[in-house]
Amino acid sequence: MGLSFPFDPLQRSEEAEGLVMKGGKRLYHKFRAAPYYGGIATADAVGCSFLCAYCWSYGRNENPARFGRLYSPEQVADNLLRVARRRSFQLFRVTGSEPILGEVSLRHLLKVIEIIQSEEPRAKFILETNGLMLGHREDLAAQLRLDRLLVRIAIKGVDPVSFEKITGARAEFFGLPLKALQNLHRLGVRAWPALMGDLFNETEIAALRRMLRESGIPADLELESLEAYPFVLENMRRRGLLTNS
């Protein structure tokens with residue numbers, strides 16, 4: 001995917017969806033057990049609307065058509081259920097990418113969730129998303145009014161400037177993840193914001209918390225920790241997020 005920084009993430013999302021979705025199937029890199037949330041069955045997909053400097057899946061999202069293989073929703077659900085049953089997990093997720101790039105990828109995701117929850121009545125699905133499309137289109141957010149679905153929205157910065165440095169997307173799109181949270185709360189969907197806390201000081205984090213409250217978003221802010229792989233640190237230096245020292 002050719003692009004120059006900063007880019008339009010809505011356009012990139014549409015382009016990425018065209019590359020990773022074929023006939024209702026999506027490209028996935030692998031399926032695995034992960035320790036997060038106390039243990040969760042995880043599908044690593046490819047394709048994202050952002051190119052976050054600290055993303056551990058940066059290379060796969062930069063050129064998504066070159067990675068993974070296509071899986072139908074039934075195959076994804078089967079692989080996740082196999083992982084969950086082997087480890088006695090009740091939690092499921094898709095990560096490493098943006099699950100909702102548009103209508104086609106959302107239909108795929110909803111089918112995965114439907115199959116898993118029909119097979120495992122106690123299963124909960126944690127949707128990890130950047131919130132771009134859910135803020136851009138409330139009709140997509142409305143389709144997430146599902147039992148046992150939790151939505152975690154990654155706020156990629158504390159203001160438009162840091163958002164652009166982190167994501168590579170134009171600063172003007174900073175507000176869409178916040179709008180996504182507003183949409184979901186209005187629709188009665190349980191959702192909360194998350195931030196890469198290691199990149200910001202206490203004052204900046206407090207200002208973001210205040211902005212969230214003033215926007216009518218009641219959920220607590222989750223703070224993530226940076227996975228400091230060498231390529232991640234180099235990407236961050238190139239974006240001006242780290243000094244060379």
# chains A, B, ... in the order shown; residues from 1 in each chain; ligands from 1
>>> residues_around(residues="stretch 22-39 of chain A", least_positions_apart="6", cutoff="10 Å", atoms="only C-alpha atoms", output="number ranges by chain")
A: 45-47, 60, 64-76, 79-80, 82-84, 86-97, 99, 104-105, 107-109, 111, 126
>>> select_by_dssp(residues="stretch 30-233 of chain A", states="helix (DSSP H, G or I)", output="number ranges by chain")
A: 36-38, 58-62, 64-66, 73-87, 103-119, 132-136, 138-142, 160-167, 171-173, 175-187, 197-199, 202-214, 230-233
>>> closest_atom_pairs(of="stretch 31-149 of chain A", to="stretch 205-228 of chain A", cutoff="10 Å", atoms="only C-alpha atoms", output="JSON lines")
{"residue": "A:Tyr54", "atom": "CA", "partner": "A:Leu226", "partner_atom": "CA", "distance": 7.4}
{"residue": "A:Cys55", "atom": "CA", "partner": "A:Glu227", "partner_atom": "CA", "distance": 8.6}
{"residue": "A:Trp56", "atom": "CA", "partner": "A:Glu227", "partner_atom": "CA", "distance": 7.5}
>>> atom_distance(atom1="atom CA of A:Arg137", atom2="atom CA of A:Val112")
21.2 Å
>>> closest_atom_pairs(of="stretch 30-60 of chain A", to="stretch 146-170 of chain A", cutoff="8 Å", atoms="only C-alpha atoms", output="tab-separated table")
residue	atom	partner	partner_atom	distance
A:Phe50	CA	A:Thr167	CA	5.3
A:Leu51	CA	A:Thr167	CA	5.1
A:Cys52	CA	A:Thr167	CA	4.1
A:Ala53	CA	A:Ile166	CA	5.3
A:Tyr54	CA	A:Ile166	CA	7.5
>>> closest_residue(among="A:Arg186, A:Leu3, A:Leu176, A:Glu119", to="A:Arg145", atoms="only C-alpha atoms")
A:Arg186
>>> select_by_dssp(residues="stretch 41-175 of chain A", states="strand (DSSP E or B)", output="PDB file with C-alpha atoms, in the first residue's frame")
ATOM      1  CA  ALA A  41      -8.015 -17.020  22.783  1.00  0.00           C
ATOM      2  CA  THR A  42      -6.491 -14.722  20.179  1.00  0.00           C
ATOM      3  CA  ALA A  43      -6.639 -14.377  16.401  1.00  0.00           C
ATOM      4  CA  ASP A  44      -3.922 -12.214  14.816  1.00  0.00           C
ATOM      5  CA  ALA A  45      -5.394 -10.573  11.707  1.00  0.00           C
ATOM      6  CA  ARG A  69      -3.893 -16.651   4.673  1.00  0.00           C
ATOM      7  CA  LEU A  70      -7.611 -16.247   4.118  1.00  0.00           C
ATOM      8  CA  TYR A  71     -10.003 -17.733   6.674  1.00  0.00           C
ATOM      9  CA  LEU A  91     -12.476 -14.825  26.514  1.00  0.00           C
ATOM     10  CA  PHE A  92     -11.887 -14.265  22.784  1.00  0.00           C
ATOM     11  CA  ARG A  93     -10.423 -11.465  20.648  1.00  0.00           C
ATOM     12  CA  VAL A  94      -8.964 -10.418  17.294  1.00  0.00           C
ATOM     13  CA  THR A  95      -5.786  -8.341  17.566  1.00  0.00           C
ATOM     14  CA  LYS A 124     -17.165 -13.083  26.061  1.00  0.00           C
ATOM     15  CA  PHE A 125     -15.606 -11.323  23.088  1.00  0.00           C
ATOM     16  CA  ILE A 126     -13.303  -8.341  23.628  1.00  0.00           C
ATOM     17  CA  LEU A 127     -13.264  -6.128  20.549  1.00  0.00           C
ATOM     18  CA  GLU A 128      -9.958  -4.241  20.396  1.00  0.00           C
ATOM     19  CA  THR A 129     -10.387  -1.387  17.934  1.00  0.00           C
ATOM     20  CA  LEU A 149     -19.352  -8.072  23.839  1.00  0.00           C
ATOM     21  CA  LEU A 150     -16.868  -5.618  25.374  1.00  0.00           C
ATOM     22  CA  VAL A 151     -15.234  -2.888  23.290  1.00  0.00           C
ATOM     23  CA  ARG A 152     -11.789  -1.497  24.050  1.00  0.00           C
ATOM     24  CA  ILE A 153     -10.961   1.621  22.027  1.00  0.00           C
ATOM     25  CA  ALA A 154      -7.311   2.625  21.720  1.00  0.00           C
ATOM     26  CA  ALA A 169      -2.843   9.676  10.092  1.00  0.00           C
TER      27      ALA A 169
END
>>> closest_residue(among="A:Gly197, A:Gly59, A:Pro121, A:Gly131", to="A:Pro9", atoms="only C-alpha atoms")
A:Gly131
